[in-house]
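Working notes, structure below.
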Amino acid sequence: MRKILTVLLCALSACVVPAHADEPSLLQPGLTLTLTDSSPLTAAQVITTPVFLSALPFPQPAPPLAPAPALESSTVMSRAVDSVQSTLDQAMDYLGVRYKRGGTTRESGFDCSGYVRSVFAESLGLILPHNAKAISKTGERVTKNELQPGDLVFFNTMKRAFSHVGIYLGNDLFVHAPRTGSKVRIEDMTDRYWKRRFDGARRVLPE
């Protein structure tokens, strides 16, 4: 029993012995520790008794906490979602507006690029060119498999590349101002006419 208590006291002394030689110890050589079933032990005896501290169950440091997700990234994602929804809302708000070559307003009517230009100006404050070919050079190129709502889709409808533009809605649907005598409407990209004339897509988002 005395040996067990001595080991425990030695472990205690290891906690109170100073880390540096010039620091005062909490156990002074003049102090004594008394055991209930043995003769008194001096602090010096306790401190000099060999103890293998590696065998004692010292608690391990807790693992570092995982860093919290950056607020900035969640804010950017939220802004992107809001931008897309705003674009789609504005695009659908123009359904039924008549086609007008060179038109850029609801009152005058729209051609295809004038329609896209007005949607992006009203919803995002972005000013795009009033020309389908020029619009095709803005933003980021995306493949057909990467299309997301709000992306711009381009077609060859006048025997030249990127001569027509519309706004992708999802599920292979897009909205556009088709041609003279028609109105802004929704089309299916899987229809043979549009499928054969698809030229590519771009993604345009605010900075």
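By convention here, the chains of the structure tokens are called A, B, ... in the order presented, each chain's residues are numbered starting at 1, and ligands are numbered starting at 1 in the order presented.
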
- Could you name the residues that touch A:Arg101 at 12 Å or less, counting only C-alpha atoms, but leaving out those on the same chain fewer than 4 positions away, as JSON, numbers by chain? {"A": [105, 108, 109, 110, 111, 112, 113, 114, 115, 130, 131, 177, 178, 179, 180, 181, 182, 183]}

Output N, CA and C atoms for every residue in that selection, as a PDB file, in the first residue's frame.
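The file below, out-v9.pdb, is the result:
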```
ATOM      1  N   THR A 105     -37.501  47.051 -76.218  1.00  0.00           N
ATOM      2  CA  THR A 105     -38.371  47.347 -75.078  1.00  0.00           C
ATOM      3  C   THR A 105     -39.682  46.576 -75.207  1.00  0.00           C
ATOM      4  N   SER A 108     -42.023  48.542 -77.639  1.00  0.00           N
ATOM      5  CA  SER A 108     -41.720  48.470 -79.070  1.00  0.00           C
ATOM      6  C   SER A 108     -41.724  47.048 -79.598  1.00  0.00           C
ATOM      7  N   GLY A 109     -41.475  46.097 -78.696  1.00  0.00           N
ATOM      8  CA  GLY A 109     -41.292  44.707 -79.098  1.00  0.00           C
ATOM      9  C   GLY A 109     -39.806  44.353 -79.075  1.00  0.00           C
ATOM     10  N   PHE A 110     -39.499  43.064 -79.210  1.00  0.00           N
ATOM     11  CA  PHE A 110     -38.113  42.596 -79.131  1.00  0.00           C
ATOM     12  C   PHE A 110     -37.722  41.771 -80.351  1.00  0.00           C
ATOM     13  N   ASP A 111     -36.446  41.880 -80.727  1.00  0.00           N
ATOM     14  CA  ASP A 111     -35.843  40.806 -81.519  1.00  0.00           C
ATOM     15  C   ASP A 111     -35.091  39.931 -80.508  1.00  0.00           C
ATOM     16  N   CYS A 112     -34.428  38.866 -80.990  1.00  0.00           N
ATOM     17  CA  CYS A 112     -33.864  37.898 -80.034  1.00  0.00           C
ATOM     18  C   CYS A 112     -32.809  38.510 -79.114  1.00  0.00           C
ATOM     19  N   SER A 113     -31.880  39.261 -79.684  1.00  0.00           N
ATOM     20  CA  SER A 113     -30.825  39.841 -78.859  1.00  0.00           C
ATOM     21  C   SER A 113     -31.338  41.012 -78.025  1.00  0.00           C
ATOM     22  N   GLY A 114     -32.310  41.752 -78.560  1.00  0.00           N
ATOM     23  CA  GLY A 114     -32.912  42.834 -77.787  1.00  0.00           C
ATOM     24  C   GLY A 114     -33.652  42.302 -76.573  1.00  0.00           C
ATOM     25  N   TYR A 115     -34.288  41.148 -76.727  1.00  0.00           N
ATOM     26  CA  TYR A 115     -34.987  40.503 -75.614  1.00  0.00           C
ATOM     27  C   TYR A 115     -33.993  40.103 -74.525  1.00  0.00           C
ATOM     28  N   HIS A 130     -26.250  44.345 -78.440  1.00  0.00           N
ATOM     29  CA  HIS A 130     -27.518  44.085 -79.136  1.00  0.00           C
ATOM     30  C   HIS A 130     -27.215  43.345 -80.440  1.00  0.00           C
ATOM     31  N   ASN A 131     -26.626  42.151 -80.250  1.00  0.00           N
ATOM     32  CA  ASN A 131     -26.249  41.333 -81.395  1.00  0.00           C
ATOM     33  C   ASN A 131     -25.924  39.934 -80.875  1.00  0.00           C
ATOM     34  N   ALA A 177     -37.323  35.412 -78.377  1.00  0.00           N
ATOM     35  CA  ALA A 177     -38.159  36.157 -79.319  1.00  0.00           C
ATOM     36  C   ALA A 177     -37.874  35.581 -80.705  1.00  0.00           C
ATOM     37  N   PRO A 178     -38.784  34.795 -81.269  1.00  0.00           N
ATOM     38  CA  PRO A 178     -38.464  33.974 -82.451  1.00  0.00           C
ATOM     39  C   PRO A 178     -38.268  34.726 -83.766  1.00  0.00           C
ATOM     40  N   ARG A 179     -39.335  35.338 -84.289  1.00  0.00           N
ATOM     41  CA  ARG A 179     -39.249  35.917 -85.632  1.00  0.00           C
ATOM     42  C   ARG A 179     -40.421  36.866 -85.846  1.00  0.00           C
ATOM     43  N   THR A 180     -40.395  37.575 -86.962  1.00  0.00           N
ATOM     44  CA  THR A 180     -41.468  38.505 -87.297  1.00  0.00           C
ATOM     45  C   THR A 180     -42.820  37.782 -87.336  1.00  0.00           C
ATOM     46  N   GLY A 181     -43.803  38.427 -86.729  1.00  0.00           N
ATOM     47  CA  GLY A 181     -45.150  37.858 -86.690  1.00  0.00           C
ATOM     48  C   GLY A 181     -45.399  36.948 -85.499  1.00  0.00           C
ATOM     49  N   SER A 182     -44.387  36.727 -84.660  1.00  0.00           N
ATOM     50  CA  SER A 182     -44.558  35.864 -83.483  1.00  0.00           C
ATOM     51  C   SER A 182     -44.335  36.673 -82.209  1.00  0.00           C
ATOM     52  N   LYS A 183     -44.392  35.995 -81.082  1.00  0.00           N
ATOM     53  CA  LYS A 183     -44.228  36.647 -79.780  1.00  0.00           C
ATOM     54  C   LYS A 183     -43.200  35.883 -78.951  1.00  0.00           C
TER      55      LYS A 183
END
```

- In Å and to one decimal, atom CA of A:Asp89 is distant from atom CA of A:Val175 by 11.6 Å

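Taking only C-alpha atoms, the non-local environment of A:Asp151 within 6 Å (same-chain residues fewer than 4 positions away omitted) comprises Ile167, Tyr168, Arg202 and Arg203 of chain A.
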
Can those selected residues be exported to a file as a compact mmCIF listing (two decimals), in the first residue's frame so that it contains C-alpha atoms?
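Written out: again_17.txt:
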```txt
# COMPACT_ATOMS: atom_id res chain seq x y z
CA ILE A 167 -32.42 31.98 -72.35
CA TYR A 168 -32.32 28.41 -71.01
CA ARG A 202 -22.63 30.81 -72.43
CA ARG A 203 -23.06 31.61 -68.75
```

- Task: Using only C-alpha atoms, find the one residue out of A:Tyr193, A:Val204, A:Ser163, A:Asn171 that sits nearest to A:Ala121.
- Result: A:Val204

- Note on the structure: Using only C-alpha atoms, the best pick from A:Ala134, A:Ser83, A:Gly166, A:Phe155 as closest to A:Val184 would be A:Gly166

How would you write, as a short mmCIF file (atom, residue, chain, number, x, y, z; two decimals) with C-alpha atoms, in the first residue's frame, the set of residues in stretch 67-193 of chain A that DSSP gives as alpha helix (DSSP H)?
```
data_model
loop_
_atom_site.label_atom_id
_atom_site.label_comp_id
_atom_site.auth_asym_id
_atom_site.auth_seq_id
_atom_site.Cartn_x
_atom_site.Cartn_y
_atom_site.Cartn_z
CA LEU A 71 -19.03 33.05 -44.74
CA GLU A 72 -17.84 34.58 -47.98
CA SER A 73 -18.39 31.40 -50.04
CA SER A 74 -21.95 30.96 -48.75
CA THR A 75 -22.68 34.60 -49.50
CA VAL A 76 -21.40 34.25 -53.07
CA MET A 77 -23.51 31.14 -53.59
CA SER A 78 -26.61 32.90 -52.27
CA ARG A 79 -26.02 35.85 -54.60
CA ALA A 80 -25.61 33.54 -57.59
CA VAL A 81 -28.89 31.76 -56.84
CA ASP A 82 -30.68 35.08 -56.42
CA SER A 83 -29.23 36.34 -59.71
CA VAL A 84 -30.45 33.30 -61.66
CA GLN A 85 -33.93 33.51 -60.16
CA SER A 86 -34.14 37.21 -60.93
CA THR A 87 -33.12 36.53 -64.55
CA LEU A 88 -35.73 33.80 -64.98
CA ASP A 89 -38.47 35.91 -63.41
CA GLN A 90 -37.72 38.78 -65.78
CA ALA A 91 -37.52 36.47 -68.79
CA MET A 92 -40.94 34.98 -68.05
CA ASP A 93 -42.41 38.41 -67.42
CA CYS A 112 -33.86 37.90 -80.03
CA SER A 113 -30.83 39.84 -78.86
CA GLY A 114 -32.91 42.83 -77.79
CA TYR A 115 -34.99 40.50 -75.61
CA VAL A 116 -31.91 38.96 -73.94
CA ARG A 117 -30.32 42.38 -73.52
CA SER A 118 -33.44 43.76 -71.80
CA VAL A 119 -33.79 40.75 -69.47
CA PHE A 120 -30.18 40.98 -68.25
CA ALA A 121 -30.28 44.76 -67.93
CA GLU A 122 -33.49 44.71 -65.87
CA SER A 123 -32.61 41.71 -63.66
CA LEU A 124 -28.84 42.02 -63.17
CA ALA A 132 -26.41 37.54 -80.93
CA LYS A 133 -22.92 36.96 -82.31
CA ALA A 134 -21.40 39.57 -80.01
CA ILE A 135 -23.31 38.19 -77.00
CA ARG A 192 -35.63 18.60 -84.53
CA TYR A 193 -35.39 22.18 -85.78
#
```

- Task: For each of A:Leu173, A:Val97, A:Val142, A:Leu152, take the minimum atom-to-atom distance to A:Leu128, counting only C-alpha atoms, then give the residue where this is smallest.
- Result: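 Answer, going by the shortest atom-to-atom distance: A:Leu152.
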
- Message: Report as a VMD selection string all protein, DNA and RNA residues lying within 8 Å of A:Phe174, evaluated on only C-alpha atoms, omitting residues in the same chain fewer than 4 positions from it.
- Response: chain A and resid 153 166 to 170 186 to 189

- Message: Report as an NGL selection string all protein, DNA and RNA residues lying within 8 Å of A:Ser136, evaluated on only C-alpha atoms, omitting residues in the same chain fewer than 6 positions from it.
- Response: :A and (154 or 162 or 201-202)

- Could you give me the residues within stretch 75-142 of chain A that DSSP places in strand (DSSP E or B), as a count of residues only? 9
